[in-house]
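Chemist: Quick one: this structure, given as structure tokens, is what I'll be asking you about.
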Amino acid sequence: MLADHVGAMQRVCFDLEPSKTDLAALGSKERWLVYRDLVRDRLVDVVGVALARTKRVAGDEAFGRTIDAWLATGGPKTRYFRNVPRELFEFAIPRWRDQEPAWVSDLAQYEITTWDVRYAPPSRVPPGEFAFDRIPVLNPALKVLRLSYPVHEAPTPSSGYEEEPTILCVYRDKNHEPIPWKLNPLAASLFEAWARADKPVTETVHEVAAAHNTEIGPAFVEKLSTMIADALARGILLGGHAPPP
């Protein structure tokens with residue numbers, strides 16, 4: 001049956017060791033072992049590119065064992081090659097949280113976020129002009145990331161990273177490169193509120209300021225205006241559209 005044949009193909013490619021029974025069912029053992037290596041090498045390569053720094057920290061051998069264990073669960077579920085690293089990350093992150101150094105899971109989170117941002121689809125709706133009474137339109141290739149270590153920076157040769165709560169806005173610039181922008185907690189909450197695209201800017205600013213026990217005075221408005229101008233220049237804020245009647 002076709003389903004049995006497909007199942008044997010999948011097991012030969014992704015099991016820790018292909019069984020003699022499956023190889024016999026498929027025929028041409030040598031050909032299928034070569035095919036297994038080709039499939040696995042391609043997946044290992046794309047994951048290694050997406051999580052290159054994590055791989056170096058974990059070590060080739062440990063990283064390889066993690067990939068083998070993930071593949072043994074049945075291989076990628078996605079149809080899209082760009083989503084393969086995210087699937088490996090979701091499988092591996094519980095393991096990496098218990099590994100040394102303590103910041104390796106933050107590094108993996110940062111790397112997979114930059115990968116996701118790089119390949120996120122573009123906005124399909126052209127925004128209108130930005131205004132405080134309009135609903136903001138954010139770059140869809142953007143994520144707010146909360147970390148315990150500043151892994152977006154270069155590590156120190158001796159210790160790697162010291163613990164330092166870090167909030168990043170990771171966005172895709174006009175050159176299609178993922179860029180980290182360090183935020184304070186209030187700014188991060190604003191971007192998260194604006195990403196929901198359900199309220200005008202003025203309303204979300206008042207709600208977020210209240211949640212952070214921050215008074216909206218001249219100094220706040222000046223800092224907010226500077227941040228918005230910067231976000232527009234960076235291509236993070238694309239514009240706005242009128243709220244529904």
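A note on labels: chains of the structure tokens are A, B, ... as shown, every chain counts residues from 1, and ligands are counted from 1 in their shown order.
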Could you pull the residues within 10 Å of A:Pro76, counting only C-alpha atoms, minus those fewer than 2 positions along the same chain, as a list in words?

Modeler: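 With the cut-off at 10 Å, the set is Phe14, Leu43, Trp70, Leu71, Thr73, Gly74, Thr78, Arg79, Tyr80, Phe81, Asn83, Val84, Pro85, Arg86, Glu87 and Leu88 of chain A.
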
Chemist: Near A:Glu129, counting only C-alpha atoms, which residues have an atom at most 9 Å away, once you skip same-chain residues fewer than 6 positions from it, shown as a ChimeraX atom specification?

Modeler: /A:238-241

Chemist: As a ChimeraX atom specification, please: the residues near A:Val44 (cut-off 10 Å, only C-alpha atoms, same-chain neighbours under 3 positions excluded).

Modeler: /A:38-41,47-49,63-64,67-68,71,84-85,88

Chemist: Might you pull out every residue within 7 Å of A:Cys169, with only C-alpha atoms counted and same-chain residues fewer than 2 positions away left off, and present them as a ChimeraX atom specification?

Modeler: /A:142-145,167,171,180-183

Chemist: Store the residues picked out above, limited to N, CA and C atoms, as a CSV table (one decimal), in the first residue's frame.

Modeler:
chain,number,residue,atom,x,y,z
A,142,LEU,N,8.4,41.9,12.6
A,142,LEU,CA,8.8,42.5,13.9
A,142,LEU,C,8.3,41.7,15.0
A,143,LYS,N,9.2,41.5,16.0
A,143,LYS,CA,8.9,40.8,17.3
A,143,LYS,C,9.5,41.5,18.4
A,144,VAL,N,8.7,41.6,19.5
A,144,VAL,CA,9.3,42.1,20.8
A,144,VAL,C,9.8,40.9,21.6
A,145,LEU,N,11.0,40.9,22.1
A,145,LEU,CA,11.7,39.8,22.7
A,145,LEU,C,12.2,40.2,24.0
A,167,ILE,N,15.2,43.9,26.7
A,167,ILE,CA,14.0,43.9,25.9
A,167,ILE,C,14.4,44.4,24.5
A,171,TYR,N,13.3,43.8,14.2
A,171,TYR,CA,12.6,44.1,13.0
A,171,TYR,C,13.4,44.0,11.7
A,180,PRO,N,18.2,44.4,15.8
A,180,PRO,CA,17.7,44.5,17.2
A,180,PRO,C,17.7,46.0,17.7
A,181,TRP,N,16.6,46.4,18.3
A,181,TRP,CA,16.5,47.8,18.9
A,181,TRP,C,16.2,47.6,20.3
A,182,LYS,N,17.0,48.0,21.2
A,182,LYS,CA,16.8,47.9,22.6
A,182,LYS,C,15.7,48.8,23.1
A,183,LEU,N,14.7,48.3,23.9
A,183,LEU,CA,13.6,49.1,24.4
A,183,LEU,C,13.6,49.1,25.9

Chemist: Nearest residue to A:Asn139 out of A:Leu51, A:Ala108, A:Leu33, A:Ala233, using only C-alpha atoms?

Modeler: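 For A:Asn139, the nearest of the candidates is A:Ala233.
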
Chemist: Stretch 65-229 of chain A: which residues are strand (DSSP E or B) by DSSP, as number ranges by chain?

Modeler: A: 128, 135-138, 142-147, 156, 160, 166-172, 178-183

Chemist: Could you list, with a cut-off of 12 Å and counting only C-alpha atoms, the residues of stretch 68-172 of chain A near stretch 205-208 of chain A, each shown with its nearest atom pair and the distance in Å rounded to one decimal, rows sorted by chain and ascending number, as CSV?

Modeler:
residue,atom,partner,partner_atom,distance
A:Phe132,CA,A:Val205,CA,9.4
A:Asp133,CA,A:Val205,CA,11.0
A:Ile135,CA,A:Val205,CA,11.7
A:Pro136,CA,A:Val205,CA,11.5

Chemist: Atoms to include: C-alpha atoms. Write the selected residues as a short mmCIF file (atom, residue, chain, number, x, y, z; two decimals), in the first residue's frame.

Modeler:
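As a result, out_34.cif now contains:
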data_model
loop_
_atom_site.label_atom_id
_atom_site.label_comp_id
_atom_site.auth_asym_id
_atom_site.auth_seq_id
_atom_site.Cartn_x
_atom_site.Cartn_y
_atom_site.Cartn_z
CA PHE A 132 -2.29 59.87 16.84
CA ASP A 133 -6.01 59.50 16.18
CA ILE A 135 -4.78 52.89 14.37
CA PRO A 136 -1.03 52.31 13.89
#

Chemist: Hey, what's within 10 Å of A:Glu164 if we count only C-alpha atoms and toss same-chain stuff fewer than 2 positions away? As a list in words, please?

Modeler: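 Listing them by chain and then by number gives Leu147, Ser148, Tyr149, Pro150, Val151, Tyr161, Glu162, Thr166 and Ile167 of chain A.
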
Chemist: Env of stretch 225-231 of chain A: 10 Å cut, atoms = only C-alpha atoms, seq-sep filter 2 positions within chain, self excluded. Answer as a list of chain:residue names.

Modeler: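 That gives A:Phe130, A:Leu138, A:Asn139, A:Trp181, A:Leu183, A:Ala187, A:Phe191, A:Ala219, A:Phe220, A:Val221, A:Glu222, A:Lys223, A:Ala233, A:Arg234, A:Gly235, A:Ile236, A:Leu237, A:Leu238.
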
Chemist: What's the separation between atom CA of A:Arg95 and atom CA of A:Asp116, in Å to one decimal place?

Modeler: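 A separation of 20.8 Å between them.
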
Chemist: Check the smallest atom-to-atom distance from each of A:Ala154, A:Ala195, A:Val57, A:Ala52 to A:Trp103 using only C-alpha atoms, then report the winner.

Modeler: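 The closest residue to A:Trp103 is A:Val57.
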
Chemist: Report, in Å with one decimal, the straight-line distance from atom CA of A:Gly217 to atom CA of A:Asp198.

Modeler: 24.7 Å

Chemist: So what do you get for atom CA of A:Glu163 versus atom CA of A:Leu190, distance-wise?

Modeler: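 Here the two named atoms are 24.7 Å from each other.
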
Chemist: Would you please extract all alpha helix (DSSP H) residues from stretch 5-244 of chain A, as assigned by DSSP on the backbone, and give them as a ChimeraX atom specification?

Modeler: /A:5-14,20-26,29-50,52-58,60-71,84-96,104-118,185-195,201-211,218-234

Chemist: For a quick check of understanding, using only C-alpha atoms, which of A:Pro243, A:Pro155, A:Gly59, A:Pro218 has the smallest distance to A:Ala131?

Modeler: A:Pro243

Chemist: Between A:Arg56, A:Lys20, A:Ala72, A:Ala242, which residue has the minimum interatomic distance to A:Pro127, considering only C-alpha atoms?

Modeler: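 Among the listed residues, A:Ala242 lies closest to A:Pro127.
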
Chemist: Which residue out of A:Asp37, A:Thr114, A:Ala141, A:His152 has the minimum interatomic distance to A:Lys174 when only C-alpha atoms are used?

Modeler: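 Going through A:Asp37, A:Thr114, A:Ala141, A:His152 one by one, the smallest distance to A:Lys174 is for A:Ala141.
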
Chemist: Kindly indicate which residue among A:Pro140, A:Arg65, A:Ile179, A:Gly128 lies nearest to A:Glu153, using only C-alpha atoms for the distances.

Modeler: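 Once distances to A:Glu153 are computed over only C-alpha atoms, the minimum belongs to A:Ile179.
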